[in-house]
$ cat entry_3.txt   # compact mmCIF, C-alpha atoms
# COMPACT_ATOMS: atom_id res chain seq x y z
CA MET A 1 0.00 0.00 0.00
CA VAL A 2 2.87 2.38 0.81
CA LEU A 3 4.54 1.59 -2.52
CA VAL A 4 1.30 2.21 -4.44
CA GLY A 5 0.68 5.42 -2.51
CA ILE A 6 4.18 6.75 -3.28
CA CYS A 7 3.78 5.89 -6.98
CA LEU A 8 0.45 7.73 -7.14
CA PHE A 9 1.93 10.69 -5.24
CA PHE A 10 4.74 11.13 -7.76
CA GLU A 11 2.33 10.53 -10.64
CA ALA A 12 0.16 13.44 -9.48
CA LEU A 13 3.20 15.58 -8.69
CA GLY A 14 4.68 14.78 -12.11
CA TRP A 15 1.65 16.13 -13.92
CA TYR A 16 1.57 19.21 -11.67
CA VAL A 17 5.29 20.06 -11.86
CA ASN A 18 6.40 18.70 -15.25
CA GLY A 19 3.14 18.21 -17.11
CA GLN A 20 3.94 14.55 -17.81
CA SER A 21 3.41 11.12 -16.33
CA PHE A 22 5.83 9.55 -13.86
CA LEU A 23 4.54 5.98 -14.16
CA LEU A 24 3.56 5.80 -17.84
CA ASN A 25 7.16 5.94 -18.97
CA TRP A 26 8.61 2.48 -19.55
CA GLU A 27 12.20 3.74 -19.80
CA ARG A 28 11.96 5.42 -16.38
CA ILE A 29 10.54 2.25 -14.80
CA GLN A 30 13.37 0.21 -16.33
CA ILE A 31 15.96 2.64 -14.94
CA ILE A 32 14.43 2.43 -11.45
CA VAL A 33 14.49 -1.36 -11.44
CA LEU A 34 18.00 -1.62 -12.91
CA GLN A 35 19.42 0.93 -10.46
CA MET A 36 17.99 -0.91 -7.49
CA ALA A 37 18.77 -4.48 -8.64
CA VAL A 38 22.31 -4.40 -7.22
CA ILE A 39 21.09 -2.84 -3.96
CA GLY A 40 18.43 -5.53 -3.86
CA ILE A 41 20.97 -8.35 -4.14
CA ILE A 42 22.91 -6.87 -1.21
CA ALA A 43 19.71 -6.22 0.75
CA VAL A 44 18.71 -9.89 0.68
CA GLY A 45 21.94 -10.81 2.50
CA VAL A 46 21.68 -7.84 4.86
CA ASN A 47 18.11 -8.87 5.64
CA ILE A 48 19.22 -12.32 6.79
CA VAL A 49 21.93 -10.75 8.96
CA ILE A 50 19.51 -8.30 10.58
CA ILE A 51 16.99 -11.07 11.28
CA THR A 52 19.67 -12.67 13.50
CA GLY A 53 19.99 -9.37 15.37
CA GLY A 54 23.25 -8.40 13.66
CA ILE A 55 24.36 -5.78 11.15
CA ASP A 56 26.71 -5.75 8.16
CA LEU A 57 28.40 -2.48 7.24
CA SER A 58 30.96 -4.05 4.91
CA SER A 59 28.64 -4.69 1.93
CA GLY A 60 29.55 -1.60 -0.10
CA SER A 61 33.28 -2.14 0.32
CA VAL A 62 32.89 -5.82 -0.60
CA VAL A 63 31.16 -4.68 -3.80
CA ALA A 64 34.28 -2.66 -4.68
CA ALA A 65 36.71 -5.46 -3.77
CA ALA A 66 34.71 -8.07 -5.70
CA ALA A 67 34.31 -5.72 -8.67
CA VAL A 68 38.04 -5.08 -9.12
CA VAL A 69 39.02 -8.72 -8.61
CA SER A 70 36.40 -10.09 -10.99
CA ALA A 71 37.19 -7.41 -13.57
CA SER A 72 40.91 -8.21 -13.38
CA LEU A 73 40.17 -11.76 -14.55
CA ALA A 74 37.78 -10.63 -17.28
CA GLN A 75 40.16 -8.45 -19.31
CA VAL A 76 40.78 -9.00 -23.01
CA SER A 77 44.13 -10.38 -24.17
CA ASP A 78 45.04 -7.44 -26.43
CA PHE A 79 44.96 -4.91 -23.58
CA PRO A 80 48.60 -3.96 -22.85
CA ARG A 81 47.97 -2.95 -19.22
CA ALA A 82 46.08 -6.03 -18.08
CA VAL A 83 46.37 -6.74 -14.35
CA PHE A 84 47.23 -10.39 -15.03
CA PRO A 85 48.54 -10.64 -18.60
CA GLN A 86 48.65 -14.46 -18.40
CA LEU A 87 45.02 -14.62 -17.24
CA THR A 88 43.09 -12.84 -19.96
CA ASP A 89 40.14 -13.97 -22.09
CA LEU A 90 39.19 -16.45 -19.39
CA PRO A 91 35.82 -18.24 -19.45
CA ILE A 92 33.20 -16.18 -17.64
CA VAL A 93 32.98 -18.64 -14.76
CA TRP A 94 36.41 -17.66 -13.39
CA PRO A 95 35.88 -13.90 -12.88
CA VAL A 96 32.41 -14.58 -11.45
CA LEU A 97 33.83 -17.21 -9.10
CA ALA A 98 36.66 -14.87 -8.05
CA GLY A 99 34.24 -12.07 -7.20
CA THR A 100 32.02 -14.31 -5.10
CA VAL A 101 35.03 -15.84 -3.31
CA VAL A 102 36.14 -12.35 -2.26
CA GLY A 103 32.69 -11.77 -0.78
CA VAL A 104 32.61 -15.13 1.00
CA VAL A 105 36.06 -14.56 2.53
CA VAL A 106 35.02 -11.18 3.98
CA GLY A 107 31.76 -12.71 5.20
CA LEU A 108 33.60 -15.56 6.91
CA ILE A 109 35.89 -13.06 8.63
CA ASN A 110 32.86 -11.09 9.84
CA GLY A 111 31.13 -14.23 11.07
CA ALA A 112 34.20 -15.63 12.80
CA LEU A 113 34.92 -12.33 14.57
CA ILE A 114 31.34 -12.07 15.80
CA ALA A 115 30.95 -15.73 16.74
CA TYR A 116 34.31 -16.39 18.41
CA THR A 117 35.49 -13.04 19.79
CA ALA A 118 32.07 -11.77 20.92
CA ILE A 119 32.77 -8.28 19.56
CA PRO A 120 29.68 -6.40 18.33
CA ALA A 121 28.69 -6.99 14.71
CA PHE A 122 28.85 -3.23 14.16
CA ILE A 123 32.54 -3.11 15.05
CA ALA A 124 33.49 -6.30 13.19
CA SER A 125 31.82 -5.25 9.95
CA LEU A 126 33.10 -1.67 10.33
CA GLY A 127 36.65 -3.05 10.42
CA THR A 128 36.15 -5.24 7.37
CA MET A 129 34.44 -2.33 5.60
CA VAL A 130 37.59 -0.23 5.92
CA ALA A 131 39.89 -3.17 5.13
CA ALA A 132 37.97 -4.27 2.02
CA ARG A 133 37.94 -0.73 0.63
CA GLY A 134 41.67 -0.45 1.32
CA PHE A 135 42.25 -3.77 -0.44
CA ALA A 136 40.37 -2.54 -3.51
CA LYS A 137 42.48 0.62 -3.63
CA TRP A 138 45.71 -1.33 -3.18
CA PHE A 139 44.74 -3.91 -5.79
CA THR A 140 44.06 -1.30 -8.47
CA GLY A 141 46.56 1.35 -7.41
CA GLY A 142 43.72 3.82 -7.75
CA MET A 143 43.30 3.03 -11.47
CA PRO A 144 40.20 1.50 -13.07
CA VAL A 145 40.36 -2.09 -14.34
CA SER A 146 38.98 -1.75 -17.86
CA MET A 147 38.78 -3.46 -21.29
CA LEU A 148 36.61 -6.37 -20.20
CA THR A 149 35.31 -9.20 -22.37
CA ASP A 150 31.87 -9.06 -23.97
CA ASP A 151 30.83 -12.26 -22.19
CA PHE A 152 31.52 -10.69 -18.81
CA ALA A 153 29.83 -7.41 -19.76
CA ALA A 154 26.70 -9.39 -20.69
CA ILE A 155 26.12 -10.11 -16.96
CA GLY A 156 25.30 -6.45 -16.43
CA SER A 157 23.53 -5.74 -19.72
CA GLY A 158 19.80 -5.43 -20.29
CA ALA A 159 17.56 -6.87 -17.61
CA THR A 160 20.07 -9.51 -16.48
CA PRO A 161 20.78 -7.80 -13.11
CA VAL A 162 17.04 -7.77 -12.41
CA TYR A 163 16.74 -11.48 -13.17
CA ILE A 164 19.67 -12.16 -10.84
CA PHE A 165 18.05 -10.10 -8.08
CA LEU A 166 14.67 -11.81 -8.44
CA THR A 167 16.31 -15.25 -8.50
CA VAL A 168 18.32 -14.47 -5.36
CA ALA A 169 15.20 -13.12 -3.63
CA LEU A 170 13.14 -16.20 -4.56
CA VAL A 171 15.83 -18.66 -3.43
CA PHE A 172 16.32 -17.04 -0.04
CA HIS A 173 12.58 -16.52 0.45
CA ILE A 174 12.24 -20.29 0.19
CA VAL A 175 15.30 -20.87 2.39
CA LEU A 176 14.05 -18.61 5.19
CA ARG A 177 10.46 -19.79 5.04
CA TYR A 178 10.77 -23.53 4.52
CA THR A 179 14.17 -24.78 5.73
CA ARG A 180 15.81 -25.51 9.06
CA PHE A 181 18.38 -22.82 8.27
CA GLY A 182 15.57 -20.26 8.16
CA LYS A 183 14.03 -21.47 11.41
CA PHE A 184 17.41 -21.27 13.15
CA THR A 185 17.95 -17.76 11.76
CA TYR A 186 14.68 -16.47 13.20
CA ALA A 187 15.24 -18.31 16.48
CA ILE A 188 18.65 -16.69 17.02
CA GLY A 189 17.26 -13.24 16.32
CA ALA A 190 14.23 -13.70 18.55
CA ASN A 191 16.13 -15.02 21.58
CA ARG A 192 19.76 -16.03 21.28
CA GLN A 193 19.95 -17.63 24.72
CA ALA A 194 16.85 -19.70 24.02
CA ALA A 195 18.40 -20.77 20.71
CA VAL A 196 21.52 -21.97 22.53
CA VAL A 197 19.43 -23.89 25.05
CA SER A 198 17.49 -25.45 22.18
CA GLY A 199 20.72 -26.95 20.84
CA ILE A 200 21.39 -24.55 17.98
CA ASN A 201 25.09 -23.99 17.30
CA VAL A 202 24.73 -20.21 17.22
CA GLY A 203 28.37 -19.47 16.41
CA LYS A 204 28.46 -21.80 13.42
CA HIS A 205 25.13 -20.52 12.16
CA LEU A 206 26.23 -16.89 12.37
CA ILE A 207 29.32 -17.70 10.33
CA TRP A 208 27.05 -19.16 7.65
CA VAL A 209 24.77 -16.12 7.76
CA TYR A 210 27.60 -13.62 7.29
CA ALA A 211 29.22 -15.81 4.63
CA ILE A 212 25.94 -15.73 2.67
CA ALA A 213 25.74 -11.96 3.05
CA GLY A 214 29.33 -11.67 1.79
CA PHE A 215 28.57 -14.06 -1.08
CA LEU A 216 25.63 -11.90 -2.21
CA SER A 217 27.73 -8.74 -1.93
CA GLY A 218 30.34 -10.48 -4.09
CA ILE A 219 27.67 -11.21 -6.71
CA ALA A 220 26.55 -7.58 -6.52
CA GLY A 221 30.14 -6.44 -7.06
CA THR A 222 30.53 -8.67 -10.09
CA VAL A 223 27.28 -7.37 -11.58
CA THR A 224 28.35 -3.78 -10.87
CA ALA A 225 31.66 -4.28 -12.69
CA ALA A 226 29.86 -5.91 -15.62
CA ARG A 227 27.34 -3.04 -15.84
CA ALA A 228 30.09 -0.42 -15.84
CA ILE A 229 32.39 -2.61 -18.00
CA SER A 230 35.04 -1.61 -15.49
CA GLY A 231 36.17 -2.37 -11.96
CA GLN A 232 36.94 0.60 -9.71
CA SER A 233 37.85 0.92 -6.04
CA GLY A 234 35.26 3.67 -5.58
CA MET A 235 32.33 1.43 -6.46
CA GLY A 236 29.69 0.56 -3.89
CA VAL A 237 30.07 3.65 -1.72
CA MET A 238 27.07 3.90 0.66
CA TYR A 239 25.49 0.77 -0.85
CA GLU A 240 25.40 -0.81 2.59
CA LEU A 241 23.27 2.04 3.96
CA ASP A 242 20.89 1.87 1.00
CA ALA A 243 20.54 -1.88 1.58
CA ILE A 244 19.92 -1.41 5.31
CA ALA A 245 17.37 1.32 4.54
CA ALA A 246 15.54 -0.96 2.11
CA VAL A 247 15.49 -3.79 4.65
CA VAL A 248 14.16 -1.58 7.46
CA ILE A 249 11.59 0.05 5.18
CA GLY A 250 10.52 -3.48 4.21
CA GLY A 251 9.57 -4.23 7.81
CA THR A 252 12.56 -6.19 9.12
CA SER A 253 13.12 -5.45 12.81
CA LEU A 254 16.55 -4.17 13.78
CA THR A 255 16.19 -6.05 17.06
CA GLY A 256 16.07 -9.34 15.16
CA GLY A 257 13.66 -12.22 14.82
CA LEU A 258 11.28 -10.54 12.40
CA GLY A 259 11.50 -9.92 8.66
CA ARG A 260 10.67 -11.26 5.22
CA ILE A 261 12.41 -11.30 1.86
CA THR A 262 9.20 -10.13 0.18
CA GLY A 263 9.18 -7.09 2.46
CA THR A 264 12.79 -6.36 1.51
CA VAL A 265 11.93 -6.53 -2.20
CA ILE A 266 9.13 -4.01 -1.62
CA GLY A 267 11.48 -1.86 0.46
CA VAL A 268 13.99 -1.83 -2.41
CA LEU A 269 11.24 -0.74 -4.82
CA ILE A 270 10.00 1.98 -2.43
CA LEU A 271 13.52 3.39 -2.10
CA GLY A 272 14.06 3.25 -5.86
CA VAL A 273 10.74 4.91 -6.68
CA MET A 274 11.34 7.68 -4.16
CA MET A 275 14.83 8.50 -5.42
CA SER A 276 13.68 8.37 -9.05
CA GLY A 277 10.64 10.47 -8.22
CA PHE A 278 12.73 13.17 -6.57
CA THR A 279 14.98 13.26 -9.64
CA PHE A 280 11.91 13.40 -11.89
CA ILE A 281 10.56 16.50 -10.17
CA ARG A 282 14.07 17.98 -10.17
CA ILE A 283 14.80 17.98 -6.45
CA ASP A 284 18.51 18.53 -5.77
CA ALA A 285 20.55 15.38 -5.02
CA TYR A 286 21.66 16.86 -1.68
CA TYR A 287 18.05 17.08 -0.54
CA GLN A 288 17.51 13.50 -1.68
CA GLU A 289 20.23 12.31 0.71
CA MET A 290 18.61 14.25 3.54
CA VAL A 291 15.25 12.69 2.79
CA LYS A 292 16.81 9.23 2.62
CA GLY A 293 18.33 9.75 6.06
CA ALA A 294 14.98 10.91 7.41
CA ILE A 295 13.29 7.82 5.94
CA ILE A 296 15.75 5.55 7.75
CA VAL A 297 15.12 7.32 11.06
CA VAL A 298 11.33 7.19 10.62
CA ALA A 299 11.47 3.49 9.70
CA VAL A 300 13.56 2.70 12.80
CA VAL A 301 11.23 4.72 15.04
CA ALA A 302 8.25 2.83 13.58
CA ASP A 303 10.09 -0.44 14.22
CA GLN A 304 10.72 0.48 17.86
CA MET A 305 7.09 1.48 18.38
CA ARG A 306 5.97 -1.80 16.83
CA ASN A 307 8.29 -3.74 19.13
CA ARG A 308 7.01 -1.94 22.24
CA LYS A 309 3.43 -2.60 21.19
CA ARG A 310 4.21 -6.28 20.61
CA ARG A 311 5.88 -6.62 24.02
CA GLY A 312 3.03 -4.77 25.71
$ encode --input "entry_3.txt" --output "structure tokens"
Amino acid sequence: MVLVGICLFFEALGWYVNGQSFLLNWERIQIIVLQMAVIGIIAVGVNIVIITGGIDLSSGSVVAAAAVVSASLAQVSDFPRAVFPQLTDLPIVWPVLAGTVVGVVVGLINGALIAYTAIPAFIASLGTMVAARGFAKWFTGGMPVSMLTDDFAAIGSGATPVYIFLTVALVFHIVLRYTRFGKFTYAIGANRQAAVVSGINVGKHLIWVYAIAGFLSGIAGTVTAARAISGQSGMGVMYELDAIAAVVIGGTSLTGGLGRITGTVIGVLILGVMMSGFTFIRIDAYYQEMVKGAIIVVAVVADQMRNRKRRG
């Protein structure tokens, strides 16, 4: 209902301000969906993390690290400044695998730090956020990784990122709703001590959860590099906050134990429509960031009120 209301609001505002339709423009709708597909892939992983009562701030930096690594293995052989001259024109599976491995490694580090050192997820993922961004800058020396193969670029062309996002969302909707992994995830977020008493290996499960989040960020980084036909260390900046915003807007509780993938998908669309709508009516980008911050705060306040009402 919120998504429909926002669409109708910008439709009316579009006719009033610009004299044209906001919704009846297929190209604009395509741009909204394509822009938010990468955020959506990240948001699915972030959603699972938040359901456990955790947080992952490293997603945007993992996007950059995965983008530069995958791009470095997708360069054409006739490019004189290839990162790995002996590893050019590789089959598409290798750069994709490399990008996802980068994400999984960072996710495993996050999970291990949280599970075995008991440091807060905020601090663990903040550290890996800085480290992953530093790795991306070191790996590229501040230069873009360009001249990528057509096969690799095809991953980010057309509606392919959207199909990847929808596939990821469907798979993890089924996982959370119908598998033991999903039940354990909700149990840990609802009451960690009760989960331990019930025999759930919380530490091991959290490692899996953060590894999945890293894996999805790695996929998002690979798709980002393919869309731009380039890998750059500056990619993915603030993506983690957009993903968290989409998850919270979609109804996932920051206290854990409550959330759905379908809600996250709707949250991604709401965020995309709002940002596109502001651009459509020519609101300055600086104001858009302010509004986005306000949306996050309002969504968190609504979540806290809902939690108090549920406990009462």
$ closest_residue --input "entry_3.txt" --among "A:Thr160, A:Thr149, A:Thr128, A:Asn47" --to "Ile212 in chain A" --atoms "all atoms listed in the file"
A:Asn47
$ atom_distance --input "entry_3.txt" --atom1 "CA of Gly5 in chain A" --atom2 "CA of Ile283 in chain A"
19.3 Å
$ residues_around --input "entry_3.txt" --residues "Ala228 in chain A" --least-positions-apart "5" --cutoff "10 Å" --atoms "only C-alpha atoms" --output "JSON, numbers by chain"
{"A": [67, 146, 148, 153, 156, 157, 223, 235]}
$ residues_around --input "entry_3.txt" --residues "Leu57 in chain A" --least-positions-apart "5" --cutoff "12 Å" --atoms "all atoms listed in the file" --output "number ranges by chain"
A: 42-43, 45-46, 49-50, 62-63, 106-107, 110, 120-133, 210, 213-214, 217, 236-245
$ residues_around --input "entry_3.txt" --residues "Ala37 in chain A" --least-positions-apart "4" --cutoff "12 Å" --atoms "only C-alpha atoms" --output "ChimeraX atom specification"
/A:30-33,41-44,156,158-169,216-217,219-221,223-224,227,239,242-243,246,264-269,271-272
$ closest_residue --input "entry_3.txt" --among "A:Gly182, A:Gly54, A:Gly203, A:Pro144" --to "Ala115 in chain A" --atoms "all atoms listed in the file"
A:Gly203
$ residues_around --input "entry_3.txt" --residues "Val291 in chain A" --least-positions-apart "5" --cutoff "10 Å" --atoms "all atoms listed in the file" --output "PyMOL selection string"
chain A and resi 274-275+278+285-286+296-297
$ atom_distance --input "entry_3.txt" --atom1 "CA of Lys309 in chain A" --atom2 "CA of Gly257 in chain A"
15.4 Å
$ atom_distance --input "entry_3.txt" --atom1 "CA of Ala74 in chain A" --atom2 "CA of Ile92 in chain A"
7.2 Å
$ closest_residue --input "entry_3.txt" --among "A:Gly259, A:Asp151, A:Val101, A:Ala136" --to "Gly60 in chain A" --atoms "all atoms listed in the file"
A:Ala136
$ residues_around --input "entry_3.txt" --residues "Cys7 in chain A" --least-positions-apart "2" --cutoff "12 Å" --atoms "all atoms listed in the file" --output "PyMOL selection string"
chain A and resi 1-5+9-14+21-24+29+269-278
$ closest_residue --input "entry_3.txt" --among "A:Val104, A:Leu258, A:Met36, A:Ile55" --to "Phe215 in chain A" --atoms "only C-alpha atoms"
A:Val104
$ closest_residue --input "entry_3.txt" --among "A:Ile48, A:Val76, A:Ala302, A:Val17" --to "Ile281 in chain A" --atoms "only C-alpha atoms"
A:Val17
$ closest_residue --input "entry_3.txt" --among "A:Val248, A:Val202, A:Phe280, A:Pro80" --to "Gln20 in chain A" --atoms "only C-alpha atoms"
A:Phe280
$ decode --input "entry_3.txt" --residues "range 181-292 of chain A" --atoms "C-alpha atoms" --output "compact mmCIF listing (two decimals), in the first residue's frame"
# COMPACT_ATOMS: atom_id res chain seq x y z
CA PHE A 181 18.38 -22.82 8.27
CA GLY A 182 15.57 -20.26 8.16
CA LYS A 183 14.03 -21.47 11.41
CA PHE A 184 17.41 -21.27 13.15
CA THR A 185 17.95 -17.76 11.76
CA TYR A 186 14.68 -16.47 13.20
CA ALA A 187 15.24 -18.31 16.48
CA ILE A 188 18.65 -16.69 17.02
CA GLY A 189 17.26 -13.24 16.32
CA ALA A 190 14.23 -13.70 18.55
CA ASN A 191 16.13 -15.02 21.58
CA ARG A 192 19.76 -16.03 21.28
CA GLN A 193 19.95 -17.63 24.72
CA ALA A 194 16.85 -19.70 24.02
CA ALA A 195 18.40 -20.77 20.71
CA VAL A 196 21.52 -21.97 22.53
CA VAL A 197 19.43 -23.89 25.05
CA SER A 198 17.49 -25.45 22.18
CA GLY A 199 20.72 -26.95 20.84
CA ILE A 200 21.39 -24.55 17.98
CA ASN A 201 25.09 -23.99 17.30
CA VAL A 202 24.73 -20.21 17.22
CA GLY A 203 28.37 -19.47 16.41
CA LYS A 204 28.46 -21.80 13.42
CA HIS A 205 25.13 -20.52 12.16
CA LEU A 206 26.23 -16.89 12.37
CA ILE A 207 29.32 -17.70 10.33
CA TRP A 208 27.05 -19.16 7.65
CA VAL A 209 24.77 -16.12 7.76
CA TYR A 210 27.60 -13.62 7.29
CA ALA A 211 29.22 -15.81 4.63
CA ILE A 212 25.94 -15.73 2.67
CA ALA A 213 25.74 -11.96 3.05
CA GLY A 214 29.33 -11.67 1.79
CA PHE A 215 28.57 -14.06 -1.08
CA LEU A 216 25.63 -11.90 -2.21
CA SER A 217 27.73 -8.74 -1.93
CA GLY A 218 30.34 -10.48 -4.09
CA ILE A 219 27.67 -11.21 -6.71
CA ALA A 220 26.55 -7.58 -6.52
CA GLY A 221 30.14 -6.44 -7.06
CA THR A 222 30.53 -8.67 -10.09
CA VAL A 223 27.28 -7.37 -11.58
CA THR A 224 28.35 -3.78 -10.87
CA ALA A 225 31.66 -4.28 -12.69
CA ALA A 226 29.86 -5.91 -15.62
CA ARG A 227 27.34 -3.04 -15.84
CA ALA A 228 30.09 -0.42 -15.84
CA ILE A 229 32.39 -2.61 -18.00
CA SER A 230 35.04 -1.61 -15.49
CA GLY A 231 36.17 -2.37 -11.96
CA GLN A 232 36.94 0.60 -9.71
CA SER A 233 37.85 0.92 -6.04
CA GLY A 234 35.26 3.67 -5.58
CA MET A 235 32.33 1.43 -6.46
CA GLY A 236 29.69 0.56 -3.89
CA VAL A 237 30.07 3.65 -1.72
CA MET A 238 27.07 3.90 0.66
CA TYR A 239 25.49 0.77 -0.85
CA GLU A 240 25.40 -0.81 2.59
CA LEU A 241 23.27 2.04 3.96
CA ASP A 242 20.89 1.87 1.00
CA ALA A 243 20.54 -1.88 1.58
CA ILE A 244 19.92 -1.41 5.31
CA ALA A 245 17.37 1.32 4.54
CA ALA A 246 15.54 -0.96 2.11
CA VAL A 247 15.49 -3.79 4.65
CA VAL A 248 14.16 -1.58 7.46
CA ILE A 249 11.59 0.05 5.18
CA GLY A 250 10.52 -3.48 4.21
CA GLY A 251 9.57 -4.23 7.81
CA THR A 252 12.56 -6.19 9.12
CA SER A 253 13.12 -5.45 12.81
CA LEU A 254 16.55 -4.17 13.78
CA THR A 255 16.19 -6.05 17.06
CA GLY A 256 16.07 -9.34 15.16
CA GLY A 257 13.66 -12.22 14.82
CA LEU A 258 11.28 -10.54 12.40
CA GLY A 259 11.50 -9.92 8.66
CA ARG A 260 10.67 -11.26 5.22
CA ILE A 261 12.41 -11.30 1.86
CA THR A 262 9.20 -10.13 0.18
CA GLY A 263 9.18 -7.09 2.46
CA THR A 264 12.79 -6.36 1.51
CA VAL A 265 11.93 -6.53 -2.20
CA ILE A 266 9.13 -4.01 -1.62
CA GLY A 267 11.48 -1.86 0.46
CA VAL A 268 13.99 -1.83 -2.41
CA LEU A 269 11.24 -0.74 -4.82
CA ILE A 270 10.00 1.98 -2.43
CA LEU A 271 13.52 3.39 -2.10
CA GLY A 272 14.06 3.25 -5.86
CA VAL A 273 10.74 4.91 -6.68
CA MET A 274 11.34 7.68 -4.16
CA MET A 275 14.83 8.50 -5.42
CA SER A 276 13.68 8.37 -9.05
CA GLY A 277 10.64 10.47 -8.22
CA PHE A 278 12.73 13.17 -6.57
CA THR A 279 14.98 13.26 -9.64
CA PHE A 280 11.91 13.40 -11.89
CA ILE A 281 10.56 16.50 -10.17
CA ARG A 282 14.07 17.98 -10.17
CA ILE A 283 14.80 17.98 -6.45
CA ASP A 284 18.51 18.53 -5.77
CA ALA A 285 20.55 15.38 -5.02
CA TYR A 286 21.66 16.86 -1.68
CA TYR A 287 18.05 17.08 -0.54
CA GLN A 288 17.51 13.50 -1.68
CA GLU A 289 20.23 12.31 0.71
CA MET A 290 18.61 14.25 3.54
CA VAL A 291 15.25 12.69 2.79
CA LYS A 292 16.81 9.23 2.62
